[in-house]
file upload_24.cif (mmCIF, C-alpha atoms)
data_data
#
loop_
_atom_site.label_atom_id
_atom_site.label_comp_id
_atom_site.auth_asym_id
_atom_site.auth_seq_id
_atom_site.Cartn_x
_atom_site.Cartn_y
_atom_site.Cartn_z
CA MET A 603 0.00 0.00 0.00
CA PRO A 604 1.63 3.26 -1.10
CA SER A 605 1.79 6.00 1.51
CA LEU A 606 -0.06 9.28 1.18
CA LYS A 607 3.09 11.06 0.15
CA ASP A 608 3.78 8.51 -2.58
CA LEU A 609 0.31 8.98 -3.97
CA LYS A 610 0.69 12.73 -3.92
CA ASN A 611 3.96 12.52 -5.84
CA ARG A 612 2.41 10.14 -8.31
CA ILE A 613 -0.50 12.47 -8.98
CA ALA A 614 1.86 15.39 -9.48
CA SER A 615 3.93 13.44 -11.99
CA VAL A 616 0.93 12.26 -13.99
CA LYS A 617 -0.32 15.83 -14.08
CA ALA A 618 3.00 16.98 -15.47
CA THR A 619 2.86 14.29 -18.15
CA GLN A 620 -0.65 15.31 -19.03
CA LYS A 621 0.47 18.88 -19.51
CA ILE A 622 3.16 17.74 -21.92
CA THR A 623 0.88 15.52 -23.97
CA LYS A 624 -1.69 18.27 -24.14
CA ALA A 625 0.90 20.72 -25.43
CA MET A 626 2.13 18.17 -27.97
CA LYS A 627 -1.38 17.64 -29.17
CA MET A 628 -1.86 21.32 -29.77
CA VAL A 629 1.45 21.63 -31.56
CA ALA A 630 0.51 18.67 -33.75
CA ALA A 631 -2.84 20.26 -34.53
CA ALA A 632 -1.20 23.48 -35.64
CA LYS A 633 1.36 21.61 -37.72
CA LEU A 634 -1.35 19.42 -39.20
CA ARG A 635 -3.15 22.44 -40.54
CA ARG A 636 0.00 23.69 -42.18
CA ALA A 637 0.82 20.26 -43.57
CA GLN A 638 -2.65 19.92 -45.01
CA GLU A 639 -2.36 23.30 -46.67
CA ALA A 640 0.97 22.32 -48.16
CA ALA A 641 -0.46 19.06 -49.45
CA GLU A 642 -3.38 20.90 -50.98
CA ALA A 643 -1.16 23.53 -52.58
CA ALA A 644 0.89 20.81 -54.21
CA ARG A 645 -2.11 19.03 -55.64
CA PRO A 646 -2.69 21.11 -58.81
CA TYR A 647 0.84 20.48 -59.98
CA SER A 648 0.72 16.73 -59.67
CA GLN A 649 -2.73 16.60 -61.26
CA ARG A 650 -1.67 18.66 -64.26
CA MET A 651 1.48 16.64 -64.47
CA ALA A 652 -0.47 13.42 -64.61
CA ALA A 653 -2.79 14.81 -67.29
CA VAL A 654 0.07 16.02 -69.45
CA LEU A 655 1.93 12.78 -69.01
CA THR A 656 -1.01 10.71 -70.18
CA ASN A 657 -1.37 13.00 -73.14
CA ILE A 658 2.19 12.60 -74.26
CA ALA A 659 2.29 8.91 -73.49
CA GLN A 660 -0.56 8.53 -75.94
CA ALA A 661 1.19 10.59 -78.55
CA VAL A 662 4.40 8.66 -78.25
CA GLY A 663 2.47 5.46 -78.01
CA ALA A 664 4.03 2.14 -77.30
CA ASP A 665 6.80 2.47 -79.84
CA ASP A 666 10.40 1.95 -78.88
CA THR A 667 11.23 5.59 -78.39
CA ALA A 668 9.64 5.61 -74.94
CA PRO A 669 12.35 6.05 -72.32
CA ALA A 670 13.41 3.15 -70.15
CA LEU A 671 12.06 4.82 -67.02
CA MET A 672 8.61 4.28 -68.45
CA THR A 673 8.92 0.88 -70.02
CA GLY A 674 11.18 -0.61 -67.38
CA THR A 675 14.05 -2.96 -68.04
CA GLY A 676 11.79 -5.80 -68.98
CA LYS A 677 12.89 -7.80 -65.96
CA ASP A 678 11.70 -7.86 -62.40
CA ASP A 679 14.62 -9.46 -60.59
CA THR A 680 15.74 -6.61 -58.38
CA HIS A 681 13.31 -4.48 -56.49
CA LEU A 682 14.02 -1.16 -54.90
CA LEU A 683 11.75 -0.07 -52.08
CA VAL A 684 11.69 3.55 -51.03
CA VAL A 685 10.15 3.56 -47.59
CA CYS A 686 9.06 6.97 -46.34
CA THR A 687 8.33 7.31 -42.65
CA ALA A 688 8.41 10.07 -40.08
CA GLU A 689 11.47 11.38 -38.33
CA ARG A 690 9.94 11.31 -34.91
CA GLY A 691 7.95 8.86 -32.88
CA LEU A 692 5.10 9.40 -30.45
CA CYS A 693 2.55 9.23 -33.20
CA GLY A 694 0.74 6.00 -32.49
CA GLY A 695 1.08 3.21 -34.99
CA PHE A 696 1.91 5.51 -37.86
CA ASN A 697 5.52 4.47 -38.46
CA SER A 698 5.09 0.82 -37.63
CA GLN A 699 2.14 0.58 -40.01
CA ILE A 700 4.21 1.76 -42.94
CA ALA A 701 7.13 -0.40 -41.89
CA ARG A 702 4.91 -3.44 -41.55
CA HIS A 703 3.44 -2.87 -44.98
CA ALA A 704 6.94 -2.63 -46.43
CA ARG A 705 8.09 -5.68 -44.48
CA ASP A 706 5.26 -7.82 -45.79
CA HIS A 707 6.22 -6.76 -49.28
CA VAL A 708 9.88 -7.58 -48.69
CA ARG A 709 8.97 -10.97 -47.33
CA LYS A 710 6.84 -11.72 -50.36
CA LEU A 711 9.59 -10.66 -52.74
CA LEU A 712 12.26 -12.62 -50.91
CA ALA A 713 10.05 -15.70 -50.90
CA ALA A 714 9.72 -15.34 -54.66
CA GLY A 715 13.50 -15.30 -54.96
CA LYS A 716 13.92 -11.64 -55.90
CA THR A 717 16.70 -9.35 -54.79
CA VAL A 718 15.50 -6.51 -52.60
CA LYS A 719 17.13 -3.18 -51.90
CA ILE A 720 15.75 -0.60 -49.54
CA ILE A 721 16.15 3.13 -49.25
CA CYS A 722 14.82 4.53 -46.00
CA VAL A 723 13.51 8.06 -45.88
CA GLY A 724 13.04 9.10 -42.30
CA LYS A 725 14.66 7.77 -39.17
CA LYS A 726 11.85 5.72 -37.71
CA GLY A 727 11.39 3.39 -40.64
CA PHE A 728 15.13 2.84 -40.73
CA ASP A 729 15.13 1.91 -37.04
CA ILE A 730 12.38 -0.63 -37.53
CA LEU A 731 13.57 -2.20 -40.77
CA ARG A 732 17.17 -2.31 -39.59
CA ARG A 733 16.32 -5.03 -37.11
CA GLU A 734 15.39 -7.54 -39.77
CA TYR A 735 16.78 -6.33 -43.04
CA ALA A 736 19.90 -4.38 -42.16
CA SER A 737 21.81 -5.97 -45.04
CA LEU A 738 19.19 -4.91 -47.59
CA ILE A 739 19.22 -1.23 -46.74
CA ILE A 740 21.47 0.46 -49.23
CA ASP A 741 20.84 4.06 -48.29
CA ARG A 742 18.94 6.31 -45.97
CA VAL A 743 17.79 9.87 -46.32
CA ASP A 744 17.67 12.00 -43.24
CA LEU A 745 15.15 14.80 -43.23
CA ARG A 746 15.51 15.55 -39.55
CA GLU A 747 17.03 18.96 -40.10
CA VAL A 748 14.39 19.94 -42.62
CA LYS A 749 11.75 22.17 -41.10
CA LYS A 750 9.47 22.36 -44.06
CA ILE A 751 9.72 19.81 -46.80
CA GLY A 752 10.42 21.50 -50.10
CA PHE A 753 10.48 20.18 -53.60
CA GLU A 754 14.30 20.11 -53.47
CA ASN A 755 14.23 17.37 -50.83
CA ALA A 756 12.02 15.20 -52.99
CA ASP A 757 14.08 16.05 -56.04
CA GLN A 758 17.24 14.83 -54.35
CA ILE A 759 15.66 11.50 -53.56
CA GLY A 760 14.31 11.33 -57.10
CA HIS A 761 17.75 11.94 -58.55
CA LYS A 762 19.19 9.27 -56.33
CA VAL A 763 16.62 6.73 -57.50
CA ILE A 764 17.08 7.60 -61.15
CA GLY A 765 20.85 7.44 -60.77
CA LEU A 766 20.58 3.93 -59.39
CA PHE A 767 18.23 2.95 -62.18
CA GLU A 768 20.62 4.21 -64.84
CA LYS A 769 23.39 2.17 -63.29
CA GLY A 770 21.15 -0.86 -63.59
CA GLU A 771 20.93 -1.37 -59.85
CA PHE A 772 17.28 -2.34 -59.90
CA ASP A 773 14.38 -3.14 -62.21
CA ILE A 774 11.31 -2.06 -60.31
CA CYS A 775 10.94 0.73 -57.82
CA THR A 776 8.11 0.94 -55.35
CA LEU A 777 7.37 3.83 -53.04
CA PHE A 778 5.94 3.22 -49.58
CA TYR A 779 4.18 5.98 -47.73
CA SER A 780 1.04 6.66 -45.82
CA GLU A 781 -1.91 8.10 -47.62
CA PHE A 782 -3.64 10.82 -45.67
CA LYS A 783 -7.33 9.99 -45.61
CA SER A 784 -8.33 11.99 -42.56
CA VAL A 785 -6.99 13.00 -39.19
CA ILE A 786 -7.81 9.63 -37.71
CA SER A 787 -7.15 7.44 -40.70
CA GLN A 788 -3.90 7.03 -42.60
CA VAL A 789 -3.55 4.16 -44.99
CA PRO A 790 -0.12 2.72 -45.70
CA THR A 791 0.22 2.60 -49.46
CA ALA A 792 2.59 1.12 -51.98
CA GLN A 793 2.99 2.86 -55.31
CA GLN A 794 5.04 1.71 -58.23
CA LEU A 795 7.36 4.45 -59.46
CA ILE A 796 9.44 2.71 -62.09
CA PRO A 797 8.33 1.62 -64.60
CA ALA A 798 5.69 4.33 -64.47
CA SER A 799 2.27 2.83 -64.72
CA ALA A 800 0.34 5.02 -67.12
CA ALA A 801 -2.84 3.01 -66.95
CA PRO A 802 -5.56 4.79 -64.99
CA VAL A 803 -6.51 7.72 -67.22
CA ALA A 804 -7.68 5.90 -70.31
CA ALA A 805 -11.33 6.91 -69.93
CA ASP A 806 -11.07 10.62 -70.72
CA ALA A 807 -8.84 10.03 -73.68
CA SER A 808 -11.41 11.51 -76.05
CA ASP A 809 -11.06 15.10 -74.93
CA ALA A 810 -7.34 14.79 -74.31
CA SER A 811 -6.56 13.69 -77.79
CA ALA A 812 -6.25 17.21 -79.18
CA VAL A 813 -3.52 17.24 -81.75
CA TYR A 814 -0.57 18.78 -80.04
CA GLU A 815 2.46 20.36 -81.52
CA TYR A 816 5.53 19.41 -79.61
CA GLU A 817 8.56 21.54 -79.07
CA PRO A 818 11.21 20.11 -79.33
CA ASP A 819 9.47 16.73 -79.95
CA ALA A 820 7.29 14.40 -77.96
CA GLY A 821 10.07 11.97 -77.15
CA ALA A 822 12.37 14.68 -75.84
CA ILE A 823 9.64 16.16 -73.68
CA LEU A 824 8.83 12.76 -72.32
CA THR A 825 12.45 12.12 -71.38
CA ASP A 826 12.45 15.43 -69.60
CA LEU A 827 9.11 14.87 -67.97
CA ILE A 828 9.37 11.43 -66.48
CA PRO A 829 12.24 12.06 -64.07
CA ARG A 830 10.40 15.14 -62.95
CA ASN A 831 7.25 13.12 -62.47
CA ILE A 832 9.11 10.74 -60.19
CA SER A 833 10.26 13.63 -58.05
CA VAL A 834 6.74 14.98 -57.97
CA GLN A 835 5.36 11.64 -56.84
CA ILE A 836 7.95 11.45 -54.07
CA PHE A 837 7.19 15.01 -53.09
CA ARG A 838 3.51 14.22 -52.86
CA ALA A 839 4.23 11.14 -50.79
CA LEU A 840 6.39 13.14 -48.40
CA LEU A 841 3.72 15.79 -47.97
CA GLU A 842 1.02 13.21 -47.36
CA ASN A 843 3.32 11.59 -44.85
CA VAL A 844 3.84 14.79 -42.92
CA ALA A 845 0.11 15.41 -42.80
CA GLY A 846 -0.50 11.82 -41.75
CA GLU A 847 2.18 11.93 -39.10
CA MET A 848 0.70 15.04 -37.57
CA GLY A 849 -2.78 13.58 -37.68
CA ALA A 850 -1.62 10.38 -36.03
CA LYS A 851 0.36 12.32 -33.46
CA MET A 852 -2.64 14.47 -32.68
CA SER A 853 -4.93 11.55 -31.99
CA ALA A 854 -2.22 9.66 -30.10
CA MET A 855 -1.61 12.64 -27.86
CA ASP A 856 -5.33 13.17 -27.41
CA ASN A 857 -5.61 9.60 -26.17
CA ALA A 858 -2.64 10.05 -23.89
CA THR A 859 -4.14 13.18 -22.39
CA ARG A 860 -7.41 11.42 -21.77
CA ASN A 861 -5.67 8.42 -20.20
CA ALA A 862 -3.70 10.71 -17.93
CA GLY A 863 -6.94 12.38 -16.86
CA GLU A 864 -8.48 9.02 -15.98
CA MET A 865 -5.41 8.03 -14.07
CA ILE A 866 -5.43 11.26 -12.10
CA ASN A 867 -9.06 10.68 -11.15
CA LYS A 868 -8.32 7.19 -9.97
CA LEU A 869 -5.30 8.25 -7.99
CA THR A 870 -7.11 11.17 -6.41
CA LEU A 871 -9.92 8.88 -5.30
CA ASN A 872 -7.40 6.52 -3.80
CA TYR A 873 -5.61 9.38 -2.11
CA ASN A 874 -8.77 10.77 -0.55
CA ARG A 875 -9.86 7.36 0.66
CA GLN A 876 -6.57 6.81 2.39
CA ARG A 877 -6.57 10.23 3.93
CA GLN A 878 -10.06 9.60 5.30
CA ALA A 879 -9.00 6.20 6.63
CA GLN A 880 -6.09 7.78 8.44
CA ILE A 881 -8.29 10.45 10.02
CA THR A 882 -10.74 7.79 11.19
CA LYS A 883 -7.87 5.76 12.58
CA GLU A 884 -6.51 8.71 14.52
CA LEU A 885 -9.96 9.51 15.90
CA ILE A 886 -10.43 5.95 17.09
CA GLU A 887 -7.09 6.08 18.77
CA ILE A 888 -7.95 9.29 20.62
CA ILE A 889 -11.37 8.09 21.65
CA SER A 890 -10.22 4.70 22.85
CA GLY A 891 -7.37 6.41 24.69
CA ALA A 892 -9.87 8.72 26.46
CA GLU A 893 -12.12 5.79 27.33
CA ALA A 894 -9.25 3.88 28.94
CA LEU A 895 -8.75 6.70 31.40
CA MET B 1305 -10.77 46.13 -80.09
CA VAL B 1306 -10.99 44.14 -76.90
CA MET B 1307 -8.39 41.43 -76.79
CA ALA B 1308 -9.68 37.93 -76.27
CA ASP B 1309 -8.59 36.47 -72.99
CA PHE B 1310 -7.85 32.94 -71.81
CA ASN B 1311 -7.00 31.17 -68.58
CA PHE B 1312 -3.40 31.06 -67.58
CA GLU B 1313 -2.11 29.01 -64.69
CA LEU B 1314 1.37 29.05 -63.29
CA VAL B 1315 2.03 26.16 -60.94
CA SER B 1316 5.13 25.08 -59.13
CA PRO B 1317 5.30 21.83 -57.15
CA GLU B 1318 4.81 23.79 -53.96
CA ARG B 1319 1.87 25.93 -54.89
CA LEU B 1320 -0.37 27.53 -57.46
CA LEU B 1321 1.22 30.90 -58.13
CA LEU B 1322 -1.25 32.37 -60.52
CA SER B 1323 -4.57 31.45 -62.02
CA GLU B 1324 -6.13 34.27 -63.94
CA LYS B 1325 -7.67 35.47 -67.13
CA VAL B 1326 -4.94 36.91 -69.29
CA THR B 1327 -4.60 38.26 -72.78
CA GLU B 1328 -0.97 37.53 -73.42
CA VAL B 1329 1.83 35.44 -71.94
CA VAL B 1330 5.46 35.42 -72.99
CA ILE B 1331 7.08 32.06 -72.29
CA PRO B 1332 10.82 31.39 -72.50
CA ALA B 1333 10.53 28.11 -74.39
CA THR B 1334 13.61 26.03 -75.05
CA GLU B 1335 13.54 26.81 -78.73
CA GLY B 1336 13.06 30.53 -78.33
CA GLU B 1337 10.61 32.82 -76.61
CA MET B 1338 7.01 32.48 -77.61
CA THR B 1339 4.06 34.71 -76.99
CA VAL B 1340 0.85 32.90 -76.30
CA MET B 1341 -2.48 34.55 -76.97
CA ALA B 1342 -6.01 33.23 -77.03
CA ASN B 1343 -6.79 30.48 -79.54
CA HIS B 1344 -3.23 29.35 -79.81
CA ALA B 1345 -2.75 25.99 -81.50
CA PRO B 1346 -2.35 23.15 -78.97
CA THR B 1347 1.32 23.03 -78.13
CA MET B 1348 3.46 21.35 -75.58
CA THR B 1349 6.87 22.77 -74.95
CA THR B 1350 9.68 22.63 -72.47
CA VAL B 1351 10.67 25.84 -70.78
CA LYS B 1352 14.14 27.07 -69.95
CA PRO B 1353 15.04 29.32 -67.03
CA GLY B 1354 13.87 32.81 -67.81
CA VAL B 1355 11.19 35.39 -67.22
CA VAL B 1356 7.53 34.81 -67.88
CA THR B 1357 5.66 37.98 -68.63
CA VAL B 1358 1.93 37.89 -68.09
CA LYS B 1359 -0.48 40.53 -69.29
CA THR B 1360 -3.69 40.08 -67.33
CA ALA B 1361 -7.14 40.82 -68.69
CA ASP B 1362 -7.39 44.02 -66.69
CA GLY B 1363 -4.26 45.37 -68.27
CA LYS B 1364 -1.69 44.74 -65.57
CA THR B 1365 1.66 43.16 -66.30
CA GLU B 1366 3.25 40.64 -63.96
CA ARG B 1367 6.63 39.04 -64.25
CA PHE B 1368 7.75 35.72 -62.84
CA ALA B 1369 11.13 34.08 -62.88
CA VAL B 1370 10.91 30.37 -63.67
CA PHE B 1371 13.63 27.77 -63.47
CA GLY B 1372 12.76 25.30 -66.15
CA GLY B 1373 9.59 23.31 -66.58
CA PHE B 1374 7.12 22.88 -69.39
CA ALA B 1375 4.01 24.49 -70.76
CA ASP B 1376 0.79 22.95 -71.94
CA ILE B 1377 -0.98 25.28 -74.33
CA LEU B 1378 -4.54 24.83 -75.55
CA PRO B 1379 -6.77 27.23 -77.49
CA THR B 1380 -8.75 27.86 -74.31
CA GLY B 1381 -5.99 28.00 -71.76
CA CYS B 1382 -2.40 27.63 -70.90
CA THR B 1383 -0.75 25.86 -68.00
CA LEU B 1384 2.86 26.40 -67.12
CA LEU B 1385 4.30 23.74 -64.85
CA ALA B 1386 7.46 25.28 -63.49
CA GLU B 1387 10.14 23.35 -61.70
CA SER B 1388 10.30 26.32 -59.42
CA ALA B 1389 8.96 29.84 -59.84
CA VAL B 1390 8.98 33.11 -57.97
CA HIS B 1391 7.51 36.51 -58.56
CA VAL B 1392 10.20 38.82 -59.84
CA ASP B 1393 9.71 41.17 -56.89
CA GLU B 1394 10.53 38.38 -54.47
CA LEU B 1395 13.63 37.24 -56.26
CA ASP B 1396 16.96 38.42 -55.01
CA ARG B 1397 20.52 37.89 -55.99
CA THR B 1398 21.43 35.49 -53.20
CA ILE B 1399 18.75 32.96 -54.16
CA LEU B 1400 19.96 33.02 -57.71
CA GLU B 1401 23.59 32.73 -56.72
CA ASN B 1402 22.84 29.79 -54.45
CA ARG B 1403 21.17 28.06 -57.35
CA ILE B 1404 24.06 28.70 -59.67
CA GLU B 1405 26.44 27.41 -57.00
CA ALA B 1406 24.37 24.24 -56.64
CA VAL B 1407 24.44 23.56 -60.37
CA ARG B 1408 28.17 24.27 -60.50
CA ALA B 1409 28.70 21.74 -57.75
CA GLU B 1410 26.75 19.23 -59.79
CA LEU B 1411 28.99 20.01 -62.75
CA GLU B 1412 31.97 18.48 -60.99
CA GLY B 1413 32.25 14.94 -62.16
CA ALA B 1414 29.21 14.98 -64.41
CA GLY B 1415 29.28 13.12 -67.72
CA ASP B 1416 29.97 14.94 -70.95
CA GLU B 1417 26.46 15.19 -72.21
CA LYS B 1418 25.15 16.21 -68.84
CA LYS B 1419 27.95 18.71 -68.53
CA THR B 1420 26.91 20.57 -71.64
CA ARG B 1421 23.38 20.66 -70.41
CA LEU B 1422 24.34 21.94 -67.00
CA GLU B 1423 26.66 24.53 -68.42
CA GLN B 1424 23.85 25.77 -70.57
CA PHE B 1425 21.68 25.88 -67.48
CA VAL B 1426 24.23 28.01 -65.64
CA ALA B 1427 24.44 30.39 -68.58
CA GLU B 1428 20.67 30.70 -68.66
CA LEU B 1429 20.52 31.37 -64.95
CA THR B 1430 23.21 34.00 -65.18
CA LYS B 1431 21.38 35.70 -68.00
CA LEU B 1432 18.17 35.58 -66.02
CA GLY B 1433 19.98 37.29 -63.16
CA GLU B 1434 21.12 40.06 -65.45
CA ILE B 1435 17.64 40.66 -66.75
CA VAL B 1436 15.88 40.66 -63.44
CA ILE B 1437 18.37 42.30 -61.14
CA PRO B 1438 20.51 44.94 -62.77
CA ALA B 1439 23.90 44.83 -61.08
#
call {"tool": "encode", "arguments": {"input": "upload_24.cif", "output": "structure tokens"}}
result
Amino acid sequence: MPSLKDLKNRIASVKATQKITKAMKMVAAAKLRRAQEAAEAARPYSQRMAAVLTNIAQAVGADDTAPALMTGTGKDDTHLLVVCTAERGLCGGFNSQIARHARDHVRKLLAAGKTVKIICVGKKGFDILRREYASLIIDRVDLREVKKIGFENADQIGHKVIGLFEKGEFDICTLFYSEFKSVISQVPTAQQLIPASAAPVAADASDASAVYEYEPDAGAILTDLIPRNISVQIFRALLENVAGEMGAKMSAMDNATRNAGEMINKLTLNYNRQRQAQITKELIEIISGAEAL
Amino acid sequence: MVMADFNFELVSPERLLLSEKVTEVVIPATEGEMTVMANHAPTMTTVKPGVVTVKTADGKTERFAVFGGFADILPTGCTLLAESAVHVDELDRTILENRIEAVRAELEGAGDEKKTRLEQFVAELTKLGEIVIPA
């Protein structure tokens, strides 16, 4: 049975923790708003990019002039996984969800006898994946110092990936990140980057098929465009990740604050009960002492 | 005569910089500057670093510095997807110099073909600096 003083200390410490989690929740909420705005601001670009890309892909068609980044190497022996996670923890299952998704994928690929290489973006994913697949991780990108993710950060990663591809280091590249559905729901997602899958926009081909003039020519534009598109996809993934991280952190901290509140209530009840018991005990002692006289 | 206007959008990966009705846009395309007006033939072109001059429907002129990208031109509108873009008023010499430095650093150890391309890029950036910020 803890003494009254112990209980008092305990209550004070839980209260202090609650203050911290509450502050973290508010910080996360403010950052979430900013992250959402950033993600929204970036949307027009990636949408237009996708539209233009489909347009050109149609113009170039399936002939042999299409760059290798789009058609792939024709093999699927070596896979590169770019796993984007957060730099910091304390955001519920956010990081482990992405890592688990990636791990399942790795397991499947290894079982099928493929070679797997991993690039980790963000510290947390690296920490988790290192335990099992340390030998597969070929690189990691640290964004810890970056306050606000800019296009340059994504571009650097993009260049890295393309550089590896040109050296023939891998055949297929998949990007892992968490799609931001809402504050309480983030879905870990895998997206194939290379070869670029240009499938989904076949339906509105009719209005997109305006006869374009290309300057310099369609092939050259496409070669210029596809590396950029990879960077854009990575950029989008990073932004979604930041928004998701903040959302997850917000709800995790909200839960923590609520738990701390419950704990304080319980402890206070306990404390009061014990205090009352002690008073009663002292009274009995006095009374029985008086009676003995 | 009232000039016909069309929608012009300037987007960078970070944000939508401009979306307005305009009468005339001058784009620094890779194969020479081109002026886009309403009912332009559908064209797709890559853009080199330079200044985009926009004449809005209400007669104002705005200038943006862009660092490469491409433009998608339709009779009814024009979208410029810039790698990176800033309003000329917000541009200053240090930003530009940092960029040139970065490209120079990339030049070290780059392959021949890439080297020519990067050198061209540096030249374009330098020229852009001269246009926008008189020394």
call {"tool": "resolve_selection", "arguments": {"input": "upload_24.cif", "expression": "the PyMOL selection byres ((chain B) within 7 of (chain A))", "output": "PyMOL selection string"}}
result
chain B and resi 1315-1320+1346-1350+1385
call {"tool": "closest_residue", "arguments": {"input": "upload_24.cif", "among": "A:Ile866, A:Leu841, A:Leu711, A:Ile720", "to": "Ala618 in chain A", "atoms": "only C-alpha atoms"}}
result
A:Ile866
call {"tool": "resolve_selection", "arguments": {"input": "upload_24.cif", "expression": "the PyMOL selection byres ((chain B and resi 1362) around 10)", "output": "JSON, numbers by chain"}}
result
{"B": [1309, 1325, 1326, 1327, 1359, 1360, 1361, 1363, 1364, 1365]}
call {"tool": "write_last_selection", "arguments": {"input": "upload_24.cif", "atoms": "C-alpha atoms", "output": "mmCIF file, in the frame of the given file"}}
result
data_model
loop_
_atom_site.group_PDB
_atom_site.id
_atom_site.type_symbol
_atom_site.label_atom_id
_atom_site.label_comp_id
_atom_site.auth_asym_id
_atom_site.auth_seq_id
_atom_site.Cartn_x
_atom_site.Cartn_y
_atom_site.Cartn_z
ATOM 1 C CA ASP B 1309 -8.590 36.470 -72.990
ATOM 2 C CA LYS B 1325 -7.670 35.470 -67.130
ATOM 3 C CA VAL B 1326 -4.940 36.910 -69.290
ATOM 4 C CA THR B 1327 -4.600 38.260 -72.780
ATOM 5 C CA LYS B 1359 -0.480 40.530 -69.290
ATOM 6 C CA THR B 1360 -3.690 40.080 -67.330
ATOM 7 C CA ALA B 1361 -7.140 40.820 -68.690
ATOM 8 C CA GLY B 1363 -4.260 45.370 -68.270
ATOM 9 C CA LYS B 1364 -1.690 44.740 -65.570
ATOM 10 C CA THR B 1365 1.660 43.160 -66.300
#
call {"tool": "residues_around", "arguments": {"input": "upload_24.cif", "residues": "range 689-703 of chain A", "least_positions_apart": "2", "cutoff": "9 Å", "atoms": "all atoms listed in the file", "output": "compact mmCIF listing (two decimals) with C-alpha atoms, in the coordinates of the input"}}
result
# COMPACT_ATOMS: atom_id res chain seq x y z
CA VAL A 685 10.15 3.56 -47.59
CA CYS A 686 9.06 6.97 -46.34
CA THR A 687 8.33 7.31 -42.65
CA ARG A 705 8.09 -5.68 -44.48
CA ASP A 706 5.26 -7.82 -45.79
CA HIS A 707 6.22 -6.76 -49.28
CA VAL A 708 9.88 -7.58 -48.69
CA VAL A 723 13.51 8.06 -45.88
CA GLY A 724 13.04 9.10 -42.30
CA LYS A 725 14.66 7.77 -39.17
CA LYS A 726 11.85 5.72 -37.71
CA GLY A 727 11.39 3.39 -40.64
CA PHE A 728 15.13 2.84 -40.73
CA ILE A 730 12.38 -0.63 -37.53
CA LEU A 731 13.57 -2.20 -40.77
CA ASP A 744 17.67 12.00 -43.24
CA LEU A 745 15.15 14.80 -43.23
CA ARG A 746 15.51 15.55 -39.55
CA PHE A 778 5.94 3.22 -49.58
CA TYR A 779 4.18 5.98 -47.73
CA SER A 780 1.04 6.66 -45.82
CA GLN A 788 -3.90 7.03 -42.60
CA VAL A 789 -3.55 4.16 -44.99
CA PRO A 790 -0.12 2.72 -45.70
CA THR A 791 0.22 2.60 -49.46
CA ALA A 792 2.59 1.12 -51.98
CA GLY A 846 -0.50 11.82 -41.75
CA GLU A 847 2.18 11.93 -39.10
CA MET A 848 0.70 15.04 -37.57
CA GLY A 849 -2.78 13.58 -37.68
CA ALA A 850 -1.62 10.38 -36.03
CA LYS A 851 0.36 12.32 -33.46
CA MET A 852 -2.64 14.47 -32.68
CA SER A 853 -4.93 11.55 -31.99
CA ALA A 854 -2.22 9.66 -30.10
CA MET A 855 -1.61 12.64 -27.86
call {"tool": "closest_residue", "arguments": {"input": "upload_24.cif", "among": "B:Glu1366, B:Asp1376, B:Glu1337, B:Asp1393", "to": "Gly1354 in chain B", "atoms": "only C-alpha atoms"}}
result
B:Glu1337
call {"tool": "closest_residue", "arguments": {"input": "upload_24.cif", "among": "A:Asp757, A:Glu842, A:Glu771, A:Asp729", "to": "Ser784 in chain A", "atoms": "all atoms listed in the file"}}
result
A:Glu842
call {"tool": "residues_around", "arguments": {"input": "upload_24.cif", "residues": "range 603-609 of chain A", "least_positions_apart": "3", "cutoff": "12 Å", "atoms": "all atoms listed in the file", "output": "PDB file with C-alpha atoms, in the frame of the given file"}}
result
ATOM      1  CA  ARG A 612       2.410  10.140  -8.310  1.00  0.00           C
ATOM      2  CA  ILE A 613      -0.500  12.470  -8.980  1.00  0.00           C
ATOM      3  CA  ALA A 614       1.860  15.390  -9.480  1.00  0.00           C
ATOM      4  CA  SER A 615       3.930  13.440 -11.990  1.00  0.00           C
ATOM      5  CA  VAL A 616       0.930  12.260 -13.990  1.00  0.00           C
ATOM      6  CA  MET A 865      -5.410   8.030 -14.070  1.00  0.00           C
ATOM      7  CA  ILE A 866      -5.430  11.260 -12.100  1.00  0.00           C
ATOM      8  CA  ASN A 867      -9.060  10.680 -11.150  1.00  0.00           C
ATOM      9  CA  LYS A 868      -8.320   7.190  -9.970  1.00  0.00           C
ATOM     10  CA  LEU A 869      -5.300   8.250  -7.990  1.00  0.00           C
ATOM     11  CA  THR A 870      -7.110  11.170  -6.410  1.00  0.00           C
ATOM     12  CA  LEU A 871      -9.920   8.880  -5.300  1.00  0.00           C
ATOM     13  CA  ASN A 872      -7.400   6.520  -3.800  1.00  0.00           C
ATOM     14  CA  TYR A 873      -5.610   9.380  -2.110  1.00  0.00           C
ATOM     15  CA  ASN A 874      -8.770  10.770  -0.550  1.00  0.00           C
ATOM     16  CA  ARG A 875      -9.860   7.360   0.660  1.00  0.00           C
ATOM     17  CA  GLN A 876      -6.570   6.810   2.390  1.00  0.00           C
ATOM     18  CA  ARG A 877      -6.570  10.230   3.930  1.00  0.00           C
ATOM     19  CA  GLN A 878     -10.060   9.600   5.300  1.00  0.00           C
ATOM     20  CA  ALA A 879      -9.000   6.200   6.630  1.00  0.00           C
ATOM     21  CA  GLN A 880      -6.090   7.780   8.440  1.00  0.00           C
TER      22      GLN A 880
END
call {"tool": "atom_distance", "arguments": {"input": "upload_24.cif", "atom1": "CA of Thr1398 in chain B", "atom2": "CA of Val1355 in chain B"}}
result
17.4 Å
call {"tool": "closest_residue", "arguments": {"input": "upload_24.cif", "among": "B:Leu1411, B:Ala1375, B:Val1330, B:Leu1432", "to": "Asp1396 in chain B", "atoms": "all atoms listed in the file"}}
result
B:Leu1432
